[in-house]
Every structure is written in structure tokens, then in C-alpha cells.
>>> print(open('entry00.txt').read())   # compact mmCIF, C-alpha atoms and all ligand atoms
# COMPACT_ATOMS: atom_id res chain seq x y z
CA MET R 1 103.04 97.12 134.14
CA GLY R 2 105.91 94.63 133.78
CA LYS R 3 109.60 95.29 134.24
CA PHE R 4 110.29 96.14 130.57
CA THR R 5 108.88 99.27 128.95
CA ILE R 6 109.60 101.22 125.80
CA SER R 7 112.12 103.30 127.81
CA THR R 8 114.07 100.10 128.55
CA LEU R 9 114.20 99.28 124.85
CA ASP R 10 115.25 102.84 123.93
CA LYS R 11 118.09 102.65 126.48
CA MET R 12 119.17 99.27 125.12
CA LYS R 13 119.35 100.67 121.60
CA ALA R 14 121.38 103.63 122.85
CA SER R 15 123.84 101.34 124.65
CA GLY R 16 124.05 98.84 121.79
CA GLU R 17 122.62 95.95 123.83
CA LYS R 18 120.43 93.68 121.70
CA PHE R 19 116.95 92.84 122.93
CA VAL R 20 114.59 90.00 122.15
CA CYS R 21 110.94 89.56 121.18
CA ILE R 22 109.19 86.18 120.95
CA THR R 23 105.59 85.54 119.94
CA ALA R 24 103.20 83.97 122.45
CA TYR R 25 99.49 83.31 122.29
CA ASP R 26 98.58 81.96 125.75
CA ALA R 27 99.36 82.53 129.43
CA THR R 28 101.67 79.55 130.00
CA PHE R 29 103.96 80.19 127.05
CA ALA R 30 103.93 83.93 127.76
CA ARG R 31 105.23 83.17 131.27
CA LEU R 32 107.99 80.93 129.85
CA VAL R 33 109.03 83.61 127.35
CA SER R 34 109.14 86.22 130.09
CA GLU R 35 111.10 83.93 132.42
CA ALA R 36 113.58 83.27 129.59
CA GLY R 37 114.41 86.99 129.67
CA ALA R 38 112.77 88.23 126.45
CA GLU R 39 112.17 91.95 126.86
CA SER R 40 109.08 91.87 124.66
CA ILE R 41 106.29 89.48 123.69
CA LEU R 42 104.32 89.78 120.48
CA VAL R 43 100.79 88.41 120.28
CA GLY R 44 101.23 88.07 116.54
CA ASP R 45 98.52 87.48 114.00
CA SER R 46 100.86 84.61 113.04
CA LEU R 47 98.43 82.80 115.35
CA GLY R 48 96.43 82.39 112.13
CA ASN R 49 99.20 80.06 110.94
CA VAL R 50 100.51 78.36 114.06
CA ILE R 51 97.34 78.13 116.19
CA GLN R 52 94.50 78.13 113.66
CA GLY R 53 96.23 76.23 110.82
CA HIS R 54 95.60 78.75 108.04
CA ASP R 55 98.28 79.31 105.42
CA ASN R 56 98.17 83.09 105.89
CA THR R 57 97.09 85.70 108.43
CA VAL R 58 94.17 87.19 106.49
CA PRO R 59 91.44 85.17 108.30
CA VAL R 60 92.50 86.42 111.77
CA THR R 61 89.89 88.71 113.35
CA MET R 62 89.86 91.29 116.14
CA ASP R 63 87.97 88.84 118.39
CA HIS R 64 90.80 86.31 117.98
CA MET R 65 93.44 88.95 118.77
CA VAL R 66 91.57 90.21 121.84
CA TYR R 67 91.11 86.67 123.18
CA HIS R 68 94.81 85.75 122.80
CA THR R 69 95.97 89.14 124.12
CA GLU R 70 93.88 88.58 127.27
CA CYS R 71 95.38 85.09 127.66
CA VAL R 72 98.96 86.38 127.33
CA ALA R 73 98.32 89.32 129.68
CA ARG R 74 97.27 86.83 132.37
CA GLY R 75 100.70 85.14 132.19
CA GLY R 76 102.19 87.50 134.80
CA ILE R 77 104.85 88.70 132.40
CA ASP R 78 107.70 91.18 132.75
CA SER R 79 108.02 91.59 128.97
CA LEU R 80 106.50 94.52 127.06
CA LEU R 81 103.28 93.18 125.52
CA ILE R 82 102.77 94.11 121.87
CA SER R 83 99.64 92.97 120.06
CA ASP R 84 98.92 92.85 116.32
CA LEU R 85 96.05 94.71 114.70
CA PRO R 86 94.91 92.07 112.20
CA PHE R 87 93.95 92.34 108.52
CA MET R 88 91.42 95.12 107.84
CA ALA R 89 91.33 96.27 111.49
CA TYR R 90 92.97 99.62 110.61
CA GLY R 91 91.53 100.44 107.18
CA THR R 92 89.80 103.62 108.42
CA PRO R 93 90.69 106.04 111.27
CA GLU R 94 87.52 105.01 113.19
CA ASP R 95 88.33 101.30 112.93
CA THR R 96 91.96 101.94 113.86
CA LEU R 97 91.09 103.79 117.04
CA HIS R 98 88.30 101.45 118.09
CA ASN R 99 90.30 98.26 117.46
CA ALA R 100 93.56 99.54 118.99
CA ALA R 101 91.60 100.51 122.12
CA ARG R 102 90.16 96.96 122.28
CA LEU R 103 93.69 95.50 122.27
CA MET R 104 94.88 97.94 124.95
CA ARG R 105 91.89 97.09 127.15
CA ALA R 106 92.72 93.39 126.64
CA GLY R 107 96.18 94.03 128.13
CA ALA R 108 98.41 95.13 125.26
CA GLN R 109 100.92 97.91 125.99
CA MET R 110 101.55 98.67 122.31
CA VAL R 111 99.81 97.79 119.03
CA LYS R 112 101.52 96.71 115.82
CA LEU R 113 100.30 97.46 112.31
CA GLU R 114 101.70 96.66 108.88
CA GLY R 115 102.52 99.36 106.33
CA GLY R 116 104.37 102.57 105.65
CA THR R 117 103.59 106.12 104.64
CA TRP R 118 99.83 105.57 104.27
CA LEU R 119 99.69 104.86 108.03
CA SER R 120 101.34 108.11 109.18
CA ASP R 121 98.08 109.82 110.16
CA SER R 122 96.81 106.70 111.94
CA ILE R 123 100.07 106.38 113.88
CA SER R 124 99.96 110.06 114.98
CA MET R 125 96.30 109.71 115.94
CA LEU R 126 96.97 106.61 118.09
CA VAL R 127 100.03 108.08 119.80
CA GLU R 128 98.26 111.38 120.54
CA ARG R 129 95.52 109.36 122.24
CA GLY R 130 97.90 107.31 124.40
CA ILE R 131 98.38 104.17 122.30
CA PRO R 132 102.03 103.38 121.47
CA VAL R 133 102.68 101.94 118.02
CA CYS R 134 105.07 99.39 116.54
CA ALA R 135 105.16 99.60 112.72
CA HIS R 136 106.00 96.67 110.43
CA LEU R 137 107.74 97.06 107.05
CA GLY R 138 109.39 94.82 104.45
CA LEU R 139 107.49 91.57 104.00
CA THR R 140 104.16 92.43 105.59
CA PRO R 141 102.26 89.11 105.69
CA GLN R 142 98.77 90.68 105.61
CA SER R 143 99.64 91.86 102.07
CA VAL R 144 100.71 88.41 100.85
CA ASN R 145 98.09 88.56 98.09
CA VAL R 146 99.54 91.83 96.82
CA PHE R 147 103.10 90.46 96.88
CA GLY R 148 102.02 87.20 95.23
CA GLY R 149 103.82 85.10 97.86
CA TYR R 150 106.24 85.40 100.76
CA ARG R 151 109.17 87.16 99.07
CA VAL R 152 112.16 89.12 100.31
CA GLN R 153 111.43 92.84 99.94
CA GLY R 154 113.82 95.72 99.26
CA ARG R 155 116.15 93.90 96.88
CA THR R 156 116.17 96.64 94.20
CA PRO R 157 117.56 100.14 94.90
CA LYS R 158 114.07 101.59 94.28
CA GLU R 159 112.40 99.25 96.77
CA ALA R 160 115.16 99.78 99.33
CA LYS R 161 114.82 103.56 99.04
CA SER R 162 111.06 103.31 99.49
CA ILE R 163 111.36 101.11 102.63
CA LEU R 164 113.89 103.55 104.14
CA ALA R 165 111.60 106.51 103.35
CA ASP R 166 108.64 104.69 104.94
CA ALA R 167 110.72 103.91 108.04
CA VAL R 168 111.71 107.57 108.50
CA GLU R 169 108.14 108.71 107.98
CA ILE R 170 106.57 106.30 110.48
CA GLN R 171 109.21 107.31 113.03
CA ASP R 172 108.36 110.98 112.42
CA ALA R 173 104.68 110.11 112.82
CA GLY R 174 105.43 108.85 116.34
CA ALA R 175 105.97 105.07 116.10
CA SER R 176 108.00 103.70 119.04
CA LEU R 177 109.29 100.53 117.39
CA LEU R 178 109.71 99.11 113.89
CA VAL R 179 109.64 95.46 112.82
CA LEU R 180 111.56 94.82 109.57
CA GLU R 181 110.75 91.46 108.02
CA CYS R 182 112.63 89.68 105.23
CA VAL R 183 114.76 92.47 103.84
CA PRO R 184 118.43 92.28 102.83
CA ALA R 185 120.76 92.50 105.84
CA PRO R 186 122.64 95.62 104.63
CA LEU R 187 119.35 97.53 104.18
CA ALA R 188 118.12 96.53 107.66
CA ALA R 189 121.44 97.57 109.21
CA ASP R 190 121.33 100.91 107.39
CA ILE R 191 117.74 101.62 108.55
CA SER R 192 118.60 100.61 112.14
CA ARG R 193 121.54 103.05 112.14
CA LYS R 194 119.49 105.89 110.65
CA LEU R 195 116.46 105.58 112.96
CA ASP R 196 116.37 106.70 116.59
CA ILE R 197 113.67 104.16 117.45
CA PRO R 198 114.63 100.51 118.00
CA VAL R 199 114.33 98.21 114.98
CA ILE R 200 113.38 94.55 115.48
CA GLY R 201 114.46 92.24 112.67
CA ILE R 202 113.09 88.93 111.41
CA GLY R 203 114.96 87.58 108.42
CA ALA R 204 116.71 90.95 108.32
CA GLY R 205 120.24 89.97 109.35
CA PRO R 206 122.31 90.75 112.43
CA GLY R 207 122.43 94.56 112.12
CA THR R 208 119.08 95.38 113.75
CA ASP R 209 118.65 96.40 117.40
CA ALA R 210 116.64 93.30 118.27
CA GLN R 211 115.34 90.02 116.86
CA VAL R 212 111.88 88.46 116.85
CA LEU R 213 110.88 84.90 115.96
CA VAL R 214 107.58 83.06 115.99
CA MET R 215 107.79 80.73 119.00
CA HIS R 216 106.66 77.62 117.10
CA ASP R 217 109.43 78.22 114.53
CA LEU R 218 112.24 78.59 117.05
CA LEU R 219 111.02 75.48 118.89
CA GLY R 220 111.19 73.50 115.64
CA LEU R 221 107.44 72.79 115.65
CA SER R 222 106.44 74.40 112.35
CA ALA R 223 106.00 72.23 109.25
CA HIS R 224 107.74 74.75 106.99
CA THR R 225 110.27 77.31 108.12
CA ALA R 226 112.07 80.09 106.30
CA ARG R 227 115.84 80.16 105.88
CA PHE R 228 116.24 82.71 108.71
CA VAL R 229 114.79 80.35 111.35
CA GLN R 230 117.01 78.33 113.69
CA ASN R 231 115.56 75.39 115.64
CA PHE R 232 116.71 76.12 119.21
CA MET R 233 115.32 72.82 120.54
CA GLN R 234 118.31 71.15 118.90
CA GLY R 235 120.84 70.59 121.66
CA HIS R 236 118.37 71.48 124.42
CA ASP R 237 116.20 69.23 126.59
CA SER R 238 113.36 71.56 127.46
CA ILE R 239 111.33 74.40 126.00
CA GLN R 240 112.62 76.65 128.80
CA ASP R 241 116.25 75.89 127.80
CA ALA R 242 115.52 76.48 124.10
CA LEU R 243 113.87 79.85 124.79
CA ARG R 244 116.81 80.89 126.99
CA ALA R 245 119.24 79.75 124.28
CA PHE R 246 117.48 81.97 121.72
CA VAL R 247 117.62 84.97 124.07
CA GLU R 248 121.33 84.38 124.75
CA ALA R 249 122.16 83.79 121.07
CA VAL R 250 120.60 87.12 120.09
CA LYS R 251 122.34 89.00 122.89
CA SER R 252 125.74 87.47 122.15
CA GLY R 253 125.39 88.06 118.40
CA GLU R 254 125.48 84.30 117.66
CA TYR R 255 122.06 84.52 116.00
CA PRO R 256 121.32 85.44 113.27
CA ARG R 257 124.36 84.43 111.20
CA ASP R 258 125.00 84.94 107.47
CA GLU R 259 123.20 81.68 106.66
CA HIS R 260 120.02 83.19 108.19
CA SER R 261 120.28 86.44 106.23
CA TYR R 262 119.50 87.73 102.73
CA GLN R 263 122.14 89.80 100.95
O1 LIG L 301 102.52 87.95 113.45
C1 LIG L 301 103.70 87.81 113.80
O2 LIG L 301 104.09 86.89 114.52
C2 LIG L 301 104.65 88.81 113.33
C3 LIG L 301 106.10 88.50 113.47
C4 LIG L 301 106.49 87.49 112.49
C5 LIG L 301 106.94 89.71 113.42
O3 LIG L 301 104.26 89.82 112.82
>>> encode(input="entry00.txt", output="C-alpha cells", more="lines below")
Ligand code: KIV
Amino acid sequence: MGKFTISTLDKMKASGEKFVCITAYDATFARLVSEAGAESILVGDSLGNVIQGHDNTVPVTMDHMVYHTECVARGGIDSLLISDLPFMAYGTPEDTLHNAARLMRAGAQMVKLEGGTWLSDSISMLVERGIPVCAHLGLTPQSVNVFGGYRVQGRTPKEAKSILADAVEIQDAGASLLVLECVPAPLAADISRKLDIPVIGIGAGPGTDAQVLVMHDLLGLSAHTARFVQNFMQGHDSIQDALRAFVEAVKSGEYPRDEHSYQ
């Protein structure tokens, strides 16, 4: 087990110190992320976009996630290793348990799944069996075909109320962390205040307990980036410096700014 655990992240939330998560998909970059001081690494199914070249995450399979989780786990990292359950890997309780166990055996210390209330029983079942869970609400990319595109979620009072209710329910079900993606900054701040568990934002403004970015986005390597992304290679000579700059910018509150947020 590395230096950072869920207890570290809970203590950081309690003390108001921001923490950082960066995606990684292989051993070398995982080591660089860990050395830059990020408390957590996400083996995201965003690998479907940035590694495999798809325009969404739906084609990513369990075999892909297991392979990249094993690669990252071999990076000798101090960061807490979270791994995504991909599209259709948690449609039934049997699949959820079987696939989450595969990720844990590959080296994950926590699994992430996308969705709200409908996942409560799955979350309780995983936690009761020793598998910590990070939930993911707001813009959940595996549901891009339901949303009809990558759109900010929670803009209407009804949607905002439903995201808050989902967040409370998944916390009550036993989730240890929550990722909130592409929601208005005031909603994300409100949810972060109301929950006891740490909330990690992406395109969710400065009021969350932590920030996550896809590594290729923050290194300025992606062909298209959303408004909430900052290219940290600008002004830095090496990948190591850019990763450190991202970590420092989150901790100092320099990132994200209003220009990276939705109101
Ligand atoms: O797959 C991923 O990288 C993610 C982050 C964008 C949060 O889910």
C-alpha cells in the first residue's frame, strides 16, 4: 500500500487542504504523477479517448481496464489507485462484484462507477465485501448517448436537486469518494459542503475538496479540450514540472478559476 489512503483524503477534507487526482494508464506516467505529489491516480476509462482514439468511453472493456490497472500498479506509486469500472461492467450485481474484484486483484485500491441512486445496492454490496467505491455524478461519460452529447448537468433547479439527492444517497450507501463532473460551480460547492466524504471536481469549479484532470488534457496533448482544462505545459519545460505545477495550482487555489467553471 502506498503512502496515501482514503484516511489521508478524509483528513485533508476535514482540514480544508485540497488534494489532487490525475489520470494515468501506464507505469512510467503513474510514477511521474506520484512523484509530482498527487494523492490519487485514476486509471480512467478515458483511456478509450486518449489511448485508444475513440470519441467516447463506451468501447472500453474490462480486459483493457485490468491491463492498464496492472501497468499503473507496477509504477511504484504512493498515490491511492482508483480504477474505473467501464461501460456495462456493473449492470447486474454479479457482474459488479466479479469485475470490481478483477480490478482490485489487478492492483486497484478503490473502484469508480458512474451513476446515482440506482447504484446504492451495488455500492453497499461492494463495500461490505471489502471493495471501496468512488461514485461519479453530473456528466457521466458512459451515458453520453443518453445525454445526447457532453453537456453540463445540473443547470435547472430540478436537475440540481436530483444530483444532490443522488450524492447523499451514494454516501449513505457507503461510497468513500465522489467525482462531480461538469456541473455548475455553486452546486458542486454546495454538495461538497453537505457531504462528509471528499468530493473531487472536474469542470465543477473551485469549491470541491479536490480536482482531477485527464493527464493528456493538462499536458496540452489532446486535440479538443473543454473550457475547464488548463494546459500546464505552458510555461514549463518538462512533463514533471507541468504535473507539479498542476498539483501546486490546485493546492494554492490558483486552479480552477472562474474561466474554468460553469455558473
Ligand atoms: O475516465 C476518466 O478519466 C474520468 C475522469 C474524467 C474523472 O472519469
>>> residues_around(input="entry00.txt", residues="region 156-160 of chain R", least_positions_apart="6", cutoff="12 Å", atoms="all atoms listed in the file", output="ChimeraX atom specification")
/R:137-139,166-167,180,182-191,263
>>> write_last_selection(input="entry00.txt", atoms="C-alpha atoms", output="mmCIF file, in the frame of the given file")
data_model
loop_
_atom_site.group_PDB
_atom_site.id
_atom_site.type_symbol
_atom_site.label_atom_id
_atom_site.label_comp_id
_atom_site.auth_asym_id
_atom_site.auth_seq_id
_atom_site.Cartn_x
_atom_site.Cartn_y
_atom_site.Cartn_z
ATOM 1 C CA LEU R 137 107.740 97.060 107.050
ATOM 2 C CA GLY R 138 109.390 94.820 104.450
ATOM 3 C CA LEU R 139 107.490 91.570 104.000
ATOM 4 C CA ASP R 166 108.640 104.690 104.940
ATOM 5 C CA ALA R 167 110.720 103.910 108.040
ATOM 6 C CA LEU R 180 111.560 94.820 109.570
ATOM 7 C CA CYS R 182 112.630 89.680 105.230
ATOM 8 C CA VAL R 183 114.760 92.470 103.840
ATOM 9 C CA PRO R 184 118.430 92.280 102.830
ATOM 10 C CA ALA R 185 120.760 92.500 105.840
ATOM 11 C CA PRO R 186 122.640 95.620 104.630
ATOM 12 C CA LEU R 187 119.350 97.530 104.180
ATOM 13 C CA ALA R 188 118.120 96.530 107.660
ATOM 14 C CA ALA R 189 121.440 97.570 109.210
ATOM 15 C CA ASP R 190 121.330 100.910 107.390
ATOM 16 C CA ILE R 191 117.740 101.620 108.550
ATOM 17 C CA GLN R 263 122.140 89.800 100.950
#
>>> residues_around(input="entry00.txt", residues="region 115-128 of chain R", least_positions_apart="4", cutoff="10 Å", atoms="all atoms listed in the file", output="short mmCIF file (atom, residue, chain, number, x, y, z; two decimals) with C-alpha atoms, in the coordinates of the input")
data_model
loop_
_atom_site.label_atom_id
_atom_site.label_comp_id
_atom_site.auth_asym_id
_atom_site.auth_seq_id
_atom_site.Cartn_x
_atom_site.Cartn_y
_atom_site.Cartn_z
CA TYR R 90 92.97 99.62 110.61
CA GLY R 91 91.53 100.44 107.18
CA THR R 92 89.80 103.62 108.42
CA PRO R 93 90.69 106.04 111.27
CA GLU R 94 87.52 105.01 113.19
CA THR R 96 91.96 101.94 113.86
CA LEU R 97 91.09 103.79 117.04
CA ALA R 100 93.56 99.54 118.99
CA ALA R 101 91.60 100.51 122.12
CA MET R 110 101.55 98.67 122.31
CA VAL R 111 99.81 97.79 119.03
CA PRO R 132 102.03 103.38 121.47
CA VAL R 133 102.68 101.94 118.02
CA CYS R 134 105.07 99.39 116.54
CA ALA R 135 105.16 99.60 112.72
CA HIS R 136 106.00 96.67 110.43
CA LEU R 137 107.74 97.06 107.05
CA GLY R 138 109.39 94.82 104.45
CA LEU R 139 107.49 91.57 104.00
CA THR R 140 104.16 92.43 105.59
CA GLN R 142 98.77 90.68 105.61
CA SER R 143 99.64 91.86 102.07
CA SER R 162 111.06 103.31 99.49
CA ILE R 163 111.36 101.11 102.63
CA LEU R 164 113.89 103.55 104.14
CA ALA R 165 111.60 106.51 103.35
CA ASP R 166 108.64 104.69 104.94
CA ALA R 167 110.72 103.91 108.04
CA VAL R 168 111.71 107.57 108.50
CA GLU R 169 108.14 108.71 107.98
CA ILE R 170 106.57 106.30 110.48
CA GLN R 171 109.21 107.31 113.03
CA ASP R 172 108.36 110.98 112.42
CA ALA R 173 104.68 110.11 112.82
CA GLY R 174 105.43 108.85 116.34
CA ALA R 175 105.97 105.07 116.10
CA SER R 176 108.00 103.70 119.04
#
>>> atom_distance(input="entry00.txt", atom1="CA of Val247 (chain R)", atom2="CA of Tyr67 (chain R)")
26.6 Å
>>> residues_near_ligand(input="entry00.txt", ligand="ligand LIG 301 (chain L)", cutoff="6 Å", atoms="only C-alpha atoms and all ligand atoms", output="PyMOL selection string")
chain R and resi 23+44-46+214
>>> residues_around(input="entry00.txt", residues="Arg227 (chain R)", least_positions_apart="2", cutoff="10 Å", atoms="all atoms listed in the file", output="ChimeraX atom specification")
/R:203,224-225,229-230,259-262
>>> residues_around(input="entry00.txt", residues="Met104 (chain R)", least_positions_apart="5", cutoff="9 Å", atoms="only C-alpha atoms", output="ChimeraX atom specification")
/R:66,69,83,99,109-111,131
>>> atom_distance(input="entry00.txt", atom1="CA of Val50 (chain R)", atom2="CA of Ala24 (chain R)")
10.4 Å
>>> atom_distance(input="entry00.txt", atom1="CA of Ala249 (chain R)", atom2="CA of Leu85 (chain R)")
29.0 Å
>>> closest_residue(input="entry00.txt", among="R:Lys3, R:Arg151, R:His54, R:Arg31", to="Leu80 (chain R)", atoms="only C-alpha atoms")
R:Lys3
>>> closest_residue(input="entry00.txt", among="R:Gly53, R:Cys21, R:Lys11, R:Leu218", to="Ala245 (chain R)", atoms="only C-alpha atoms")
R:Leu218
>>> closest_residue(input="entry00.txt", among="R:Tyr150, R:Phe19, R:Phe228, R:Phe246", to="Thr5 (chain R)", atoms="all atoms listed in the file")
R:Phe19
>>> closest_residue(input="entry00.txt", among="R:Gly48, R:Gly2, R:Gly148, R:Gly107", to="Ile82 (chain R)", atoms="only C-alpha atoms")
R:Gly107
>>> closest_residue(input="entry00.txt", among="R:Ala223, R:Met233, R:Val250, R:Met1", to="Gly207 (chain R)", atoms="all atoms listed in the file")
R:Val250
>>> closest_residue(input="entry00.txt", among="R:Pro141, R:Gln211, R:Arg155, R:Gln52", to="Ser40 (chain R)", atoms="only C-alpha atoms")
R:Gln211
>>> residues_around(input="entry00.txt", residues="Ile22 (chain R)", least_positions_apart="2", cutoff="8 Å", atoms="all atoms listed in the file", output="PyMOL selection string")
chain R and resi 20+24+33+38+40-42+212-215
